[in-house]
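Please read the structure below before turning to the comments.
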Amino acid sequence: MKNNKVLLTVLSSIMATSIIFTGCQGTKPASKPSATADSSWTFGSSPLEFSFYVNYDWYAPKGYGSTQQTKWLIDKEKLTVNEISSNGNAAQKFGAMVAGNELPDVIQMDGGAQFESLARSGKLVALDDYVNNPKYPSYKKLVDANASNLMKVDGKTYGISNWFGNKKATRTNNKGWVVNRKIYKDLGSPKLDTFEDLYSYLKLVKAKYPDVVPLDSANTNGGVVQVQNMLYVGEGENNQINFSKSDSNLGFAVADLNKKQYTSIFEDTGFKDSYMWTNKFFREKLMTQDLFTQKSEQFKEKLNNGKIAVAGFYDVSTIGDQANKILQAKDPEAGYDFIPYIHKDGVDVNKLTVDTGGAVGWNFNCITTKAKEPEKIFAAFDWMLSDDGIRMLTYGPKGELWDTLDAKGAPIANDKFKNMKTDELNALKLGDFVPEGSWRIMEMETARELQAPDTIPWARKADLFYGKWNKFTGDELYNVGNYKQNSEEDAAYIAIKDLNTQYCAKVVFAKTDVEFNKIMDDWKAAVTKAGYDKLLTVRNAQWAANLKTVGTK
């Protein structure tokens, strides 16, 4: 059972790491595929090589060919992937590629203005002939038909959706709360359901543990206070974070899923009250005082050393899991527990909504017109979405750690694995290279875990626990926050993002209730002057268009 638990821990990291794996307007007509594969050609029958660029600052190449799985791809499937690094500056790298007409064969990127611009300027290959070819069944089988329509540019498909969902797939979520187990027990394990409960508890921590931060929050880039986000979730039943609420990078707007309409977040009392609580915690020194200056590494260090009593943040199943492991290795009584969302008194915690999800996916893999063999590249991605491809990319090749499958098609750990040491297993880097993800991976992973439910690791339990507060809404909100470059609404969005970052800090730093209320009023006035109403109008128009596209009234 111990070895099986290690396998669960390592393989479950697929969902935490590989899910992280993952812009110039033109007038040229959309391009057609520049080359087609032999009718007799199948993936793996002859060598295929292509360059691959992931358009994010944080992404680093995985070292293709250095792991068991990528070596297997080279040896058995004759696939070579040449990874291109953003060098930590994706905007500059991408701009240089476009300006110099030196695009890679494949770009993994967000949907929106840059993606659409590349498609319309003839830089991307239209994929419809491949998607509809019965020779490549996996992608079309898994991707939602309505989602496919939403992803099209001028009626054509230019991107292979990556990490896309399905209403039947297991919902997961890594945003939540953790509580220092040892401190909580020492203080009598009091109720931590409501904001008032949290306030009382933080005062107890401050009084008895002067060297511990009562309440902490992770990254505040862009003015995002993650504790405030968690508090906002608990203010009401529809306070989802993504697509709307209190993240300045999303423009601050309320998506009413019942009325199908965006409204001003400044008319939402829950938004103001969540900042009121954040300000109260900060003002009374119940919250970290370096909220806007601490780096992610500093937050992690405090968490790993057990110097935080309560934390609300986005990466519970990764950062929280790491801290829990470190502390338990020193003391089995120590560590962190994840808990339900702390909420406003009178709000039903079971009816809260943290995230909404659809089938479009997180981003796209786009084949550029620089690729000499676009159909073969599409075939490779289609294979990655097949059950055979999923099993190999996430669990390794058959005959290594698994030999047989359960009724759901999930691998069963074999004896070879049971004799492996943890460091040997970790060295395999299972799931490190998964350039194409889907809901089927999640479905297979869940089935595999149910083979031994008692050994599901802490990180995965947290994902599944918080997943209960996610709703599958379809894709009616797809692309609502992407504004046309150099448009009036784009200029307003840029200005409002900057204002939100400024005012977010101001309201947290307010020294009195009077000052707090004055800053909130000034914030609303400032964004209104900057064109906030225009953003709401554009968002609502896109929402209405999406509803028409997916056939929802």
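Residues are referred to by chain and number: the chain letter is A, B, ... according to the order shown in the structure tokens, the number counts from 1 in that chain, and ligands are numbered separately from 1 in the order shown.
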Practice item. List the neighbours of Gly236 (chain A) out to 9 Å using only C-alpha atoms; skip same-chain residues closer than 3 positions along the sequence, and give me the result as number ranges by chain. Key: A: 232-233, 239, 270, 343-344, 347-349, 351-353
Please, could you write that set of residues out with C-alpha atoms as a short mmCIF file (atom, residue, chain, number, x, y, z; two decimals), in the first residue's frame?
```cif
data_model
loop_
_atom_site.label_atom_id
_atom_site.label_comp_id
_atom_site.auth_asym_id
_atom_site.auth_seq_id
_atom_site.Cartn_x
_atom_site.Cartn_y
_atom_site.Cartn_z
CA TYR A 232 -15.42 37.29 -1.80
CA VAL A 233 -16.35 33.72 -2.72
CA ASN A 239 -19.35 34.90 -6.45
CA GLY A 270 -20.18 41.46 -1.32
CA HIS A 343 -18.38 32.46 4.39
CA LYS A 344 -20.77 35.18 5.42
CA VAL A 347 -24.88 31.94 3.37
CA ASP A 348 -25.14 28.23 2.54
CA VAL A 349 -21.56 27.03 2.00
CA LYS A 351 -24.30 26.65 -2.69
CA LEU A 352 -21.17 28.73 -3.25
CA THR A 353 -19.57 28.83 -6.71
#
```
**Study point:** Polymer residues at most 8 Å from Asn180 (chain A), only C-alpha atoms, same-chain spacing of 4 or more positions, as a PyMOL selection string
**Key:** chain A and resi 184+306+308-310+334-337
**Study point:** Pick from A:Leu535, A:Met442, A:Cys366, A:Met230, whichever lies nearest to Lys168 (chain A) using only C-alpha atoms
**Key:**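 Smallest separation from Lys168 (chain A) among the options: A:Met442.
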Exercise for review: May I ask for the distance between CA of Lys408 (chain A) and CA of Ala427 (chain A), given in Å to one decimal place?
Suggested key: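 Interatomic distance here is 27.5 Å.
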Review point. What's the 9 Å shell around Leu477 (chain A), counting only C-alpha atoms, without same-chain residues fewer than 6 positions away, as a PyMOL selection string?
Key: chain A and resi 243+255+358+539+542-543+546-547
Point to revise | region 38-51 of chain A surroundings by only C-alpha atoms, 6 Å radius, close-in-sequence under 6 positions cut, as number ranges by chain | key: A: 77-83, 104-105
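Among the candidates A:Val316, A:Ile441, A:Ala207, A:Leu401, the residue lying nearest to Leu425 (chain A) is A:Leu401 (atoms considered: only C-alpha atoms).
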Review point. Looking only at the backbone, which of the residues in region 361-422 of chain A does DSSP tag as strand (DSSP E), as a list of chain:residue names?
Key: A:Asn363, A:Phe364, A:Asn365, A:Cys366, A:Ile367, A:Trp402, A:Asp403, A:Thr404, A:Leu405, A:Pro411, A:Ile412, A:Ala413
Exercise for review: Considering only C-alpha atoms, return as JSON, numbers by chain whatever protein or nucleic-acid residues lie within 8 Å of Gly531 (chain A), sequence-local ones (same chain, fewer than 2 positions apart) excluded.
Suggested key: {"A": [489, 492, 493, 496, 527, 528, 529, 533, 534, 535]}
Exercise for review: Counting only C-alpha atoms, figure out which residue out of A:Gln68, A:Asn55, A:Asn279, A:Asn305 gets nearest to Leu393 (chain A).
Suggested key: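 Result for the nearest residue to Leu393 (chain A): A:Gln68.
Across A:Lys325, A:Lys140, A:Lys191, A:Lys300, the tightest approach to Ser161 (chain A) is made by A:Lys140 when counting only C-alpha atoms.
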**Study point:** Point-to-point distance from CA of Pro214 (chain A) to CA of Phe338 (chain A), Å rounded to tenths
**Key:**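 Atom-to-atom, CA of Pro214 (chain A) and CA of Phe338 (chain A) are spaced 15.8 Å apart.
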**Study point:** Top pick for closest residue to Asp193 (chain A), considering A:Asn350, A:Glu237, A:Ile107, A:Ser117 and counting only C-alpha atoms
**Key:**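 For Asp193 (chain A), the nearest of the candidates is A:Asn350.
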Exercise for review: Do a neighbour search on Glu476 (chain A) at 9 Å with only C-alpha atoms, toss out local chain neighbours closer than 2 positions, and write the hits as a ChimeraX atom specification.
Suggested key: /A:150,260,358,473-474,478-480,542-550,552
Check your understanding: Nearest to Glu235 (chain A): which of A:Pro332, A:Gly361, A:Gly320, A:Gly346 is it, counting only C-alpha atoms?
Key ->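 That would be A:Gly346, the residue with the smallest distance to Glu235 (chain A).
Residues within 12 Å of Ala60 (chain A), counting only C-alpha atoms and excluding same-chain residues fewer than 2 positions away, are Ile20, Phe21, Thr22, Phe52, Tyr53, Val54, Asn55, Tyr56, Asp57, Trp58, Lys62, Gly63, Tyr64, Glu83, Ile84, Ser85, Ser86, Asn87, Gly88, Asn89, Ala90, Asp432 and Phe433 of chain A.
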Check your understanding: Which residues in region 276-462 of chain A does DSSP call alpha helix (DSSP H)? List them as number ranges by chain.
Key -> A: 276-283, 296-304, 321-330, 374-384, 387-395, 415-418, 422-427, 439-449, 458-462
